[in-house]
$ cat entry.csv   # CSV, C-alpha atoms
chain,number,residue,atom,x,y,z
A,26,MET,CA,-2.8,2.5,-30.0
A,27,ALA,CA,-3.6,2.1,-33.7
A,28,ASP,CA,-6.6,0.6,-35.5
A,29,PHE,CA,-6.1,0.3,-39.2
A,30,ASP,CA,-7.4,-1.3,-42.5
A,31,LYS,CA,-5.1,-4.2,-43.1
A,32,VAL,CA,-6.0,-4.5,-46.8
A,33,ILE,CA,-6.5,-1.6,-49.3
A,34,LEU,CA,-7.9,-2.6,-52.7
A,35,PRO,CA,-6.5,-1.1,-55.9
A,36,GLY,CA,-7.7,2.5,-56.4
A,37,LYS,CA,-9.3,2.6,-52.9
A,38,GLU,CA,-8.5,4.3,-49.7
A,39,GLY,CA,-7.6,2.9,-46.2
A,40,LYS,CA,-7.7,4.5,-42.8
A,41,ILE,CA,-5.4,4.5,-39.8
A,42,GLY,CA,-7.0,5.5,-36.5
A,43,ILE,CA,-4.7,6.5,-33.7
A,44,THR,CA,-5.6,6.7,-30.0
A,45,ILE,CA,-3.5,8.9,-27.7
A,46,THR,CA,-3.8,8.1,-24.0
A,47,GLY,CA,-3.7,11.6,-22.5
A,48,PHE,CA,-3.1,10.7,-18.9
A,49,LYS,CA,0.2,9.0,-19.8
A,50,ILE,CA,1.6,12.2,-21.4
A,51,HIS,CA,2.6,15.3,-19.5
A,52,PRO,CA,0.3,18.3,-20.0
A,53,GLY,CA,1.2,20.5,-22.9
A,54,ARG,CA,2.2,20.0,-26.6
A,55,PHE,CA,3.3,16.6,-27.7
A,56,THR,CA,4.6,14.9,-30.9
A,57,LYS,CA,4.3,11.2,-31.5
A,58,SER,CA,5.6,9.3,-34.5
A,59,PHE,CA,4.8,5.8,-35.7
A,60,THR,CA,5.8,3.6,-38.6
A,61,VAL,CA,3.4,2.1,-41.1
A,62,THR,CA,4.8,-1.1,-42.8
A,63,THR,CA,3.3,-2.1,-46.1
A,64,ASN,CA,4.0,-4.5,-49.0
A,65,ASP,CA,4.4,-1.6,-51.4
A,66,PRO,CA,7.8,-2.2,-53.0
A,67,ASP,CA,8.3,1.5,-53.5
A,68,ARG,CA,7.3,2.6,-49.9
A,69,GLN,CA,7.6,-0.3,-47.6
A,70,LYS,CA,7.8,2.0,-44.6
A,71,VAL,CA,6.0,5.3,-44.0
A,72,ILE,CA,6.6,7.4,-40.9
A,73,LEU,CA,3.5,9.4,-39.8
A,74,THR,CA,3.5,12.1,-37.0
A,75,VAL,CA,0.7,13.1,-34.7
A,76,ASN,CA,0.8,16.5,-33.0
A,77,GLY,CA,-1.5,17.8,-30.3
A,78,ILE,CA,-2.0,19.3,-26.9
A,79,VAL,CA,-2.8,17.5,-23.6
A,80,LYS,CA,-4.8,19.7,-21.2
A,81,LYS,CA,-4.8,19.1,-17.5
A,82,VAL,CA,-8.3,19.0,-16.3
A,83,PHE,CA,-7.8,18.7,-12.5
A,84,ASP,CA,-5.0,19.7,-10.1
A,85,PHE,CA,-4.8,18.3,-6.5
A,86,SER,CA,-3.2,20.0,-3.5
A,87,LEU,CA,-2.2,16.4,-2.5
A,88,GLN,CA,-2.0,13.7,-5.2
A,89,SER,CA,-3.4,11.1,-2.7
A,90,ILE,CA,-5.0,11.1,0.7
A,91,SER,CA,-2.9,9.4,3.3
A,92,LEU,CA,-3.9,8.9,6.9
A,93,SER,CA,-1.5,7.6,9.6
A,94,GLY,CA,-1.7,7.4,13.3
A,95,PHE,CA,-2.0,5.1,16.3
A,96,ILE,CA,-4.6,2.6,17.5
A,97,GLY,CA,-7.6,4.4,19.0
A,98,GLU,CA,-7.1,7.8,17.4
A,99,MET,CA,-9.6,9.5,15.2
A,100,LEU,CA,-7.9,10.5,11.9
A,101,LYS,CA,-8.7,13.1,9.3
A,102,GLY,CA,-7.3,14.0,5.9
A,103,GLU,CA,-8.2,16.2,2.9
A,104,THR,CA,-7.1,17.4,-0.5
A,105,ILE,CA,-8.3,20.3,-2.7
A,106,ILE,CA,-9.2,19.6,-6.3
A,107,SER,CA,-9.0,22.6,-8.7
A,108,ASN,CA,-10.4,22.8,-12.2
A,109,LYS,CA,-7.7,23.8,-14.7
A,110,LEU,CA,-10.1,24.3,-17.7
A,111,ALA,CA,-11.7,27.6,-18.8
A,112,GLU,CA,-15.2,26.0,-18.6
A,113,PRO,CA,-16.7,25.2,-15.2
A,114,VAL,CA,-16.5,21.5,-14.1
A,115,ASN,CA,-18.5,20.3,-11.1
A,116,ILE,CA,-17.8,17.4,-8.7
A,117,THR,CA,-21.2,15.8,-8.5
A,118,GLY,CA,-20.5,12.8,-6.2
A,119,TRP,CA,-18.2,10.1,-5.1
A,120,GLU,CA,-17.9,6.3,-4.5
A,121,TRP,CA,-15.3,3.8,-3.4
A,122,SER,CA,-14.0,1.8,-6.4
A,123,ASP,CA,-15.2,-1.8,-6.0
A,124,LYS,CA,-11.7,-2.8,-7.2
A,125,SER,CA,-10.2,-1.4,-4.0
A,126,ARG,CA,-8.4,-4.0,-2.0
A,127,ASN,CA,-10.2,-3.0,1.2
A,128,TYR,CA,-13.5,-2.0,-0.3
A,129,ASP,CA,-15.8,-3.3,2.4
A,130,PHE,CA,-13.7,-1.8,5.2
A,131,LEU,CA,-13.6,1.6,3.4
A,132,CYS,CA,-17.3,1.6,3.0
A,133,ASP,CA,-17.9,0.8,6.7
A,134,ASN,CA,-15.2,2.8,8.4
A,135,VAL,CA,-14.1,5.8,6.4
A,136,GLY,CA,-16.3,8.8,5.8
A,137,VAL,CA,-16.1,11.1,2.8
A,138,LYS,CA,-17.5,14.6,2.1
A,139,ILE,CA,-17.1,16.9,-0.9
A,140,GLU,CA,-17.3,20.6,0.0
A,141,THR,CA,-17.7,23.3,-2.6
A,142,ILE,CA,-15.1,26.1,-2.3
A,143,GLU,CA,-16.0,27.8,-5.6
A,144,ALA,CA,-18.7,26.2,-7.7
A,145,GLY,CA,-17.3,24.8,-11.0
A,146,ARG,CA,-13.8,25.7,-10.0
A,147,GLN,CA,-12.6,24.3,-6.7
A,148,TYR,CA,-13.7,21.6,-4.2
A,149,ARG,CA,-12.4,20.1,-1.0
A,150,VAL,CA,-12.4,16.3,-0.5
A,151,LYS,CA,-12.5,15.4,3.2
A,152,THR,CA,-12.0,12.0,4.7
A,153,TRP,CA,-12.1,10.7,8.3
A,154,THR,CA,-12.3,7.5,10.3
A,155,LYS,CA,-15.8,6.9,11.6
A,156,GLY,CA,-14.5,5.3,14.8
A,157,PRO,CA,-11.2,4.7,16.7
A,158,ALA,CA,-8.6,3.4,14.3
A,159,VAL,CA,-7.5,-0.2,14.4
A,160,ALA,CA,-4.1,-1.6,13.6
A,161,GLY,CA,-3.3,-2.4,10.0
A,162,ALA,CA,-2.8,-0.9,6.5
A,163,VAL,CA,-5.7,0.0,4.2
A,164,SER,CA,-5.7,1.2,0.6
A,165,GLY,CA,-8.2,1.9,-2.1
A,166,GLU,CA,-9.4,4.3,-4.8
A,167,LEU,CA,-11.9,7.1,-4.2
A,168,VAL,CA,-13.8,7.8,-7.5
A,169,LEU,CA,-15.0,11.3,-7.9
A,170,LYS,CA,-17.9,11.9,-10.3
A,171,THR,CA,-17.6,15.0,-12.5
A,172,SER,CA,-19.8,17.0,-14.9
A,173,PHE,CA,-17.0,16.9,-17.6
A,174,LYS,CA,-18.2,14.6,-20.4
A,175,ASP,CA,-14.7,13.7,-21.5
A,176,MET,CA,-13.7,12.7,-17.9
A,177,PRO,CA,-16.8,11.7,-16.0
A,178,GLU,CA,-14.7,10.1,-13.3
A,179,LYS,CA,-11.4,11.0,-11.6
A,180,SER,CA,-9.7,8.5,-9.2
A,181,LEU,CA,-7.9,9.6,-6.1
A,182,SER,CA,-5.6,7.2,-4.2
A,183,PHE,CA,-6.4,6.6,-0.5
A,184,ASN,CA,-4.0,5.0,2.0
A,185,MET,CA,-4.2,4.5,5.8
A,186,VAL,CA,-1.6,3.0,8.1
A,187,ILE,CA,-2.4,2.5,11.8
A,188,THR,CA,0.5,1.6,14.1
A,189,PRO,CA,0.2,0.0,17.6
A,190,ASP,CA,1.8,1.9,20.4
A,191,VAL,CA,4.0,-1.0,21.2
A,192,GLN,CA,5.3,-3.4,18.6
A,193,VAL,CA,7.1,-6.7,18.5
A,194,HIS,CA,9.4,-7.1,15.4
A,195,PRO,CA,9.1,-9.7,14.1
A,196,SER,CA,5.9,-11.0,15.7
A,197,SER,CA,6.4,-14.3,14.0
A,198,ILE,CA,9.9,-15.8,14.0
A,199,ILE,CA,10.5,-18.3,11.2
A,200,MET,CA,13.4,-20.6,12.0
A,201,ARG,CA,13.0,-22.6,8.8
A,202,GLU,CA,15.1,-25.8,8.9
A,203,MET,CA,17.2,-26.5,12.0
A,204,VAL,CA,19.7,-29.2,11.1
A,205,ILE,CA,21.1,-31.3,13.9
A,206,THR,CA,23.6,-34.1,13.7
A,207,GLU,CA,22.2,-37.3,15.3
A,208,GLY,CA,23.4,-37.7,18.9
A,209,THR,CA,24.3,-34.0,19.4
A,210,SER,CA,22.5,-30.8,20.4
A,211,GLN,CA,22.8,-27.3,18.9
A,212,ASN,CA,21.7,-23.8,19.7
A,213,PHE,CA,19.9,-21.6,17.1
A,214,GLU,CA,19.6,-17.9,17.8
A,215,LYS,CA,17.3,-15.1,16.7
A,216,SER,CA,16.6,-11.5,17.9
A,217,ILE,CA,13.4,-9.7,18.6
A,218,SER,CA,12.9,-6.0,19.0
A,219,ILE,CA,10.2,-4.5,21.3
A,220,ILE,CA,9.5,-0.8,20.5
A,221,ALA,CA,7.3,1.8,22.0
A,222,ALA,CA,6.3,4.0,19.0
A,223,ARG,CA,5.4,6.9,21.2
A,224,GLY,CA,6.2,7.5,24.9
A,225,ASP,CA,9.3,6.6,26.9
A,226,THR,CA,7.9,4.6,29.9
A,227,LEU,CA,7.9,1.1,28.5
A,228,LYS,CA,9.4,-1.6,30.8
A,229,ILE,CA,9.7,-5.3,30.1
A,230,LEU,CA,8.8,-6.9,33.4
A,231,LYS,CA,9.1,-10.5,32.5
A,232,VAL,CA,9.8,-12.8,29.5
A,233,ILE,CA,8.1,-16.2,29.5
A,234,PRO,CA,9.0,-18.9,26.9
A,235,ASP,CA,6.4,-21.7,26.7
A,236,ARG,CA,9.1,-24.4,26.1
A,237,PRO,CA,12.0,-25.4,28.3
A,238,ASP,CA,14.4,-25.5,25.3
A,239,ILE,CA,13.9,-21.7,24.7
A,240,THR,CA,15.9,-19.2,26.6
A,241,ALA,CA,15.6,-15.4,26.3
A,242,ASN,CA,17.9,-12.5,27.2
A,243,ILE,CA,16.3,-9.1,27.2
A,244,ARG,CA,18.4,-5.9,26.9
A,245,GLU,CA,17.3,-2.3,27.0
A,246,VAL,CA,18.6,-0.4,24.0
A,247,LYS,CA,16.9,3.0,24.5
A,248,ALA,CA,15.5,3.8,28.0
A,249,GLY,CA,11.7,3.3,28.0
A,250,GLN,CA,11.4,3.0,24.3
A,251,ALA,CA,13.4,0.1,22.7
A,252,PHE,CA,14.4,-3.4,23.8
A,253,THR,CA,16.2,-6.3,22.1
A,254,CYS,CA,15.5,-9.9,23.1
A,255,LYS,CA,18.1,-12.5,22.1
A,256,ILE,CA,16.4,-15.9,21.8
A,257,SER,CA,18.3,-19.2,21.9
A,258,ILE,CA,16.6,-22.4,20.9
A,259,ARG,CA,18.1,-25.9,21.6
A,260,PRO,CA,15.5,-28.1,19.9
A,261,PRO,CA,15.2,-31.9,20.7
A,262,SER,CA,17.1,-34.2,18.4
A,263,GLU,CA,13.9,-35.3,16.6
A,264,THR,CA,12.9,-34.6,13.1
A,265,GLY,CA,9.6,-32.7,12.8
A,266,LYS,CA,7.9,-29.4,13.2
A,267,TYR,CA,9.0,-26.9,15.9
A,268,VAL,CA,6.4,-24.6,17.4
A,269,GLY,CA,6.8,-22.2,20.4
A,270,ASN,CA,5.9,-18.9,21.8
A,271,ILE,CA,7.5,-16.2,23.9
A,272,THR,CA,5.3,-13.8,26.0
A,273,PHE,CA,6.5,-10.4,27.1
A,274,ILE,CA,4.9,-8.9,30.2
A,275,THR,CA,5.1,-5.1,30.2
A,276,ASN,CA,3.9,-2.1,32.3
A,277,TYR,CA,2.4,-0.4,29.2
A,278,LYS,CA,-1.4,0.1,29.5
A,279,GLY,CA,-3.2,-1.9,26.8
A,280,TYR,CA,-0.1,-3.8,25.9
A,281,GLU,CA,0.5,-5.7,29.2
A,282,LYS,CA,1.0,-9.0,27.3
A,283,LEU,CA,2.8,-9.3,24.0
A,284,THR,CA,3.5,-12.6,22.2
A,285,ALA,CA,5.9,-13.6,19.5
A,286,GLU,CA,5.4,-17.0,17.7
A,287,ILE,CA,8.3,-19.3,16.8
A,288,ARG,CA,7.8,-21.6,13.9
A,289,GLY,CA,10.3,-24.0,12.1
A,290,THR,CA,11.3,-27.5,11.5
A,291,VAL,CA,14.0,-29.8,12.9
A,292,ARG,CA,15.9,-32.2,10.7
A,293,VAL,CA,18.3,-34.8,12.2
A,294,THR,CA,21.1,-36.1,10.1
A,295,LYS,CA,23.7,-38.8,10.6
$ encode --input "entry.csv" --output "structure tokens"
Amino acid sequence: MADFDKVILPGKEGKIGITITGFKIHPGRFTKSFTVTTNDPDRQKVILTVNGIVKKVFDFSLQSISLSGFIGEMLKGETIISNKLAEPVNITGWEWSDKSRNYDFLCDNVGVKIETIEAGRQYRVKTWTKGPAVAGAVSGELVLKTSFKDMPEKSLSFNMVITPDVQVHPSSIIMREMVITEGTSQNFEKSISIIAARGDTLKILKVIPDRPDITANIREVKAGQAFTCKISIRPPSETGKYVGNITFITNYKGYEKLTAEIRGTVRVTK
């Protein structure tokens, strides 16, 4: 970025200030050139060059902390941050960035601790879930406070993905527009997968549609782990919204009843 005097009076001097954003450049020596355009008929363009060195202040054993697991588990993660400068730099504290998408959840449910490995040189950043994990994806920025005046804060990405033991894909079936010619009927089909993310004892005991115009055919794809359900819908010959549900009764503890929604519209044409 450049900040410059737009007008230079006769016999006077002007200044061009250049800002180099260091974190966008790889550590080491760099050369950047830029063109100055003027109304001087003899020198309408002048190319100036900036040379310098970008120093890496911190190095991480992991560039981000990522936790993953299943519902009910207690999760832990860590990364080691090392000072790459000759002078000591201390990690003095931390906070969750208030710009984090899941700020409130992170504050309430994820613990953070900074451990000193070697004062001024190396620190361990530890994170953990404060209680049994719940399903979903969480992301945010952990802001580390430092004693280095040129970089008082250093951000570290945090991500957490918690997967249910048994999943229905998709859990919401969108049929969009089902077009039927007036005086006729028509089938519309979709497929659903039921997957045990861990373990091999899953059994689908029963499939229960909540509408008589929905039929379901379940097939085991991988013993005790994966099933496919082919759904056939024969909607009434009436224009309007279509809403239905299919319930899967299983033997899997904690997932004895799984539901998939069906949403769409029906349009009758002549």
$ closest_atom_pairs --input "entry.csv" --of "region 117-201 of chain A" --to "region 242-253 of chain A" --cutoff "10 Å" --atoms "only C-alpha atoms" --output "JSON lines"
{"residue": "A:Val191", "atom": "CA", "partner": "A:Gln250", "partner_atom": "CA", "distance": 9.0}
{"residue": "A:Gln192", "atom": "CA", "partner": "A:Ala251", "partner_atom": "CA", "distance": 9.7}
{"residue": "A:Val193", "atom": "CA", "partner": "A:Phe252", "partner_atom": "CA", "distance": 9.6}
{"residue": "A:His194", "atom": "CA", "partner": "A:Thr253", "partner_atom": "CA", "distance": 9.6}
$ atom_distance --input "entry.csv" --atom1 "CA of Ile90 (chain A)" --atom2 "CA of Phe130 (chain A)"
16.2 Å
$ atom_distance --input "entry.csv" --atom1 "CA of Leu100 (chain A)" --atom2 "CA of Gly136 (chain A)"
10.5 Å
$ atom_distance --input "entry.csv" --atom1 "CA of Ser58 (chain A)" --atom2 "CA of Lys80 (chain A)"
19.8 Å
$ residues_around --input "entry.csv" --residues "Thr240 (chain A)" --least-positions-apart "2" --cutoff "10 Å" --atoms "all atoms listed in the file" --output "number ranges by chain"
A: 214, 232-238, 242, 254-259, 271
$ write_last_selection --input "entry.csv" --atoms "C-alpha atoms" --output "short mmCIF file (atom, residue, chain, number, x, y, z; two decimals), in the coordinates of the input"
data_model
loop_
_atom_site.label_atom_id
_atom_site.label_comp_id
_atom_site.auth_asym_id
_atom_site.auth_seq_id
_atom_site.Cartn_x
_atom_site.Cartn_y
_atom_site.Cartn_z
CA GLU A 214 19.60 -17.90 17.80
CA VAL A 232 9.80 -12.80 29.50
CA ILE A 233 8.10 -16.20 29.50
CA PRO A 234 9.00 -18.90 26.90
CA ASP A 235 6.40 -21.70 26.70
CA ARG A 236 9.10 -24.40 26.10
CA PRO A 237 12.00 -25.40 28.30
CA ASP A 238 14.40 -25.50 25.30
CA ASN A 242 17.90 -12.50 27.20
CA CYS A 254 15.50 -9.90 23.10
CA LYS A 255 18.10 -12.50 22.10
CA ILE A 256 16.40 -15.90 21.80
CA SER A 257 18.30 -19.20 21.90
CA ILE A 258 16.60 -22.40 20.90
CA ARG A 259 18.10 -25.90 21.60
CA ILE A 271 7.50 -16.20 23.90
#
$ axis_aligned_box --input "entry.csv" --around "region 113-129 of chain A" --padding-each-side "4 Å" --output "lines of an AutoDock Vina configuration file"
center_x = -14.8
center_y = 10.6
center_z = -6.4
size_x = 20.8
size_y = 37.2
size_z = 25.6
$ residues_around --input "entry.csv" --residues "Gln147 (chain A)" --least-positions-apart "4" --cutoff "12 Å" --atoms "only C-alpha atoms" --output "short mmCIF file (atom, residue, chain, number, x, y, z; two decimals) with C-alpha atoms, in the coordinates of the input"
data_model
loop_
_atom_site.label_atom_id
_atom_site.label_comp_id
_atom_site.auth_asym_id
_atom_site.auth_seq_id
_atom_site.Cartn_x
_atom_site.Cartn_y
_atom_site.Cartn_z
CA VAL A 82 -8.30 19.00 -16.30
CA PHE A 83 -7.80 18.70 -12.50
CA ASP A 84 -5.00 19.70 -10.10
CA PHE A 85 -4.80 18.30 -6.50
CA SER A 86 -3.20 20.00 -3.50
CA THR A 104 -7.10 17.40 -0.50
CA ILE A 105 -8.30 20.30 -2.70
CA ILE A 106 -9.20 19.60 -6.30
CA SER A 107 -9.00 22.60 -8.70
CA ASN A 108 -10.40 22.80 -12.20
CA LYS A 109 -7.70 23.80 -14.70
CA LEU A 110 -10.10 24.30 -17.70
CA PRO A 113 -16.70 25.20 -15.20
CA VAL A 114 -16.50 21.50 -14.10
CA ASN A 115 -18.50 20.30 -11.10
CA ILE A 116 -17.80 17.40 -8.70
CA ILE A 139 -17.10 16.90 -0.90
CA GLU A 140 -17.30 20.60 0.00
CA THR A 141 -17.70 23.30 -2.60
CA ILE A 142 -15.10 26.10 -2.30
CA GLU A 143 -16.00 27.80 -5.60
#
$ closest_residue --input "entry.csv" --among "A:Gly42, A:Gly53, A:Gly77, A:Gly118" --to "Glu178 (chain A)" --atoms "only C-alpha atoms"
A:Gly118
$ residues_around --input "entry.csv" --residues "Cys132 (chain A)" --least-positions-apart "3" --cutoff "12 Å" --atoms "all atoms listed in the file" --output "PyMOL selection string"
chain A and resi 119-123+125-129+135-137+152-155+163-167
$ closest_residue --input "entry.csv" --among "A:Phe59, A:Phe95, A:Phe273, A:Tyr267" --to "Ser196 (chain A)" --atoms "all atoms listed in the file"
A:Phe273
$ residues_near_point --input "entry.csv" --point "(-6.8, 7.3, 17.2)" --cutoff "9 Å" --atoms "only C-alpha atoms" --output "count of residues only"
13
$ closest_residue --input "entry.csv" --among "A:Met203, A:Leu227, A:Ala222, A:Val61" --to "Thr294 (chain A)" --atoms "all atoms listed in the file"
A:Met203
$ residues_around --input "entry.csv" --residues "Pro261 (chain A)" --least-positions-apart "3" --cutoff "9 Å" --atoms "only C-alpha atoms" --output "VMD selection string"
chain A and resid 210 238 264 291
$ residues_around --input "entry.csv" --residues "Ile274 (chain A)" --least-positions-apart "2" --cutoff "7 Å" --atoms "all atoms listed in the file" --output "list in words"
Ile229, Leu230, Lys231, Val232, Thr272, Glu281, Lys282 and Leu283 of chain A
$ closest_residue --input "entry.csv" --among "A:Gly39, A:Gly269, A:Asn76, A:Gln69" --to "Thr56 (chain A)" --atoms "only C-alpha atoms"
A:Asn76
$ build_atoms --input "entry.csv" --residues "region 278-289 of chain A" --atoms "N, CA, C and O atoms" --output "PDB file, in the coordinates of the input"
ATOM      1  N   LYS A 278       0.078   0.269  29.465  1.00  0.00           N
ATOM      2  CA  LYS A 278      -1.400   0.100  29.500  1.00  0.00           C
ATOM      3  C   LYS A 278      -1.889  -0.307  28.094  1.00  0.00           C
ATOM      4  O   LYS A 278      -1.621   0.368  27.114  1.00  0.00           O
ATOM      5  N   GLY A 279      -2.656  -1.372  28.081  1.00  0.00           N
ATOM      6  CA  GLY A 279      -3.200  -1.900  26.800  1.00  0.00           C
ATOM      7  C   GLY A 279      -2.306  -2.843  26.117  1.00  0.00           C
ATOM      8  O   GLY A 279      -2.721  -3.516  25.167  1.00  0.00           O
ATOM      9  N   TYR A 280      -1.063  -2.924  26.537  1.00  0.00           N
ATOM     10  CA  TYR A 280      -0.100  -3.800  25.900  1.00  0.00           C
ATOM     11  C   TYR A 280       0.664  -4.595  27.015  1.00  0.00           C
ATOM     12  O   TYR A 280       1.861  -4.808  26.938  1.00  0.00           O
ATOM     13  N   GLU A 281      -0.080  -5.004  28.041  1.00  0.00           N
ATOM     14  CA  GLU A 281       0.500  -5.700  29.200  1.00  0.00           C
ATOM     15  C   GLU A 281       1.087  -7.053  28.821  1.00  0.00           C
ATOM     16  O   GLU A 281       1.984  -7.569  29.498  1.00  0.00           O
ATOM     17  N   LYS A 282       0.570  -7.648  27.759  1.00  0.00           N
ATOM     18  CA  LYS A 282       1.000  -9.000  27.300  1.00  0.00           C
ATOM     19  C   LYS A 282       1.219  -8.984  25.830  1.00  0.00           C
ATOM     20  O   LYS A 282       0.271  -8.799  25.075  1.00  0.00           O
ATOM     21  N   LEU A 283       2.454  -9.205  25.387  1.00  0.00           N
ATOM     22  CA  LEU A 283       2.800  -9.300  24.000  1.00  0.00           C
ATOM     23  C   LEU A 283       3.370 -10.650  23.673  1.00  0.00           C
ATOM     24  O   LEU A 283       4.133 -11.190  24.482  1.00  0.00           O
ATOM     25  N   THR A 284       3.021 -11.205  22.527  1.00  0.00           N
ATOM     26  CA  THR A 284       3.500 -12.600  22.200  1.00  0.00           C
ATOM     27  C   THR A 284       4.143 -12.607  20.842  1.00  0.00           C
ATOM     28  O   THR A 284       3.710 -11.949  19.887  1.00  0.00           O
ATOM     29  N   ALA A 285       5.221 -13.365  20.770  1.00  0.00           N
ATOM     30  CA  ALA A 285       5.900 -13.600  19.500  1.00  0.00           C
ATOM     31  C   ALA A 285       5.884 -15.144  19.255  1.00  0.00           C
ATOM     32  O   ALA A 285       6.189 -15.934  20.161  1.00  0.00           O
ATOM     33  N   GLU A 286       5.493 -15.536  18.063  1.00  0.00           N
ATOM     34  CA  GLU A 286       5.400 -17.000  17.700  1.00  0.00           C
ATOM     35  C   GLU A 286       6.801 -17.406  17.159  1.00  0.00           C
ATOM     36  O   GLU A 286       7.526 -16.630  16.548  1.00  0.00           O
ATOM     37  N   ILE A 287       7.100 -18.671  17.372  1.00  0.00           N
ATOM     38  CA  ILE A 287       8.300 -19.300  16.800  1.00  0.00           C
ATOM     39  C   ILE A 287       7.864 -20.505  16.008  1.00  0.00           C
ATOM     40  O   ILE A 287       7.179 -21.387  16.533  1.00  0.00           O
ATOM     41  N   ARG A 288       8.235 -20.531  14.731  1.00  0.00           N
ATOM     42  CA  ARG A 288       7.800 -21.600  13.900  1.00  0.00           C
ATOM     43  C   ARG A 288       9.045 -22.107  13.063  1.00  0.00           C
ATOM     44  O   ARG A 288       9.859 -21.310  12.615  1.00  0.00           O
ATOM     45  N   GLY A 289       9.145 -23.411  12.893  1.00  0.00           N
ATOM     46  CA  GLY A 289      10.300 -24.000  12.100  1.00  0.00           C
ATOM     47  C   GLY A 289      10.164 -25.450  12.031  1.00  0.00           C
ATOM     48  O   GLY A 289       9.154 -26.062  12.397  1.00  0.00           O
TER      49      GLY A 289
END
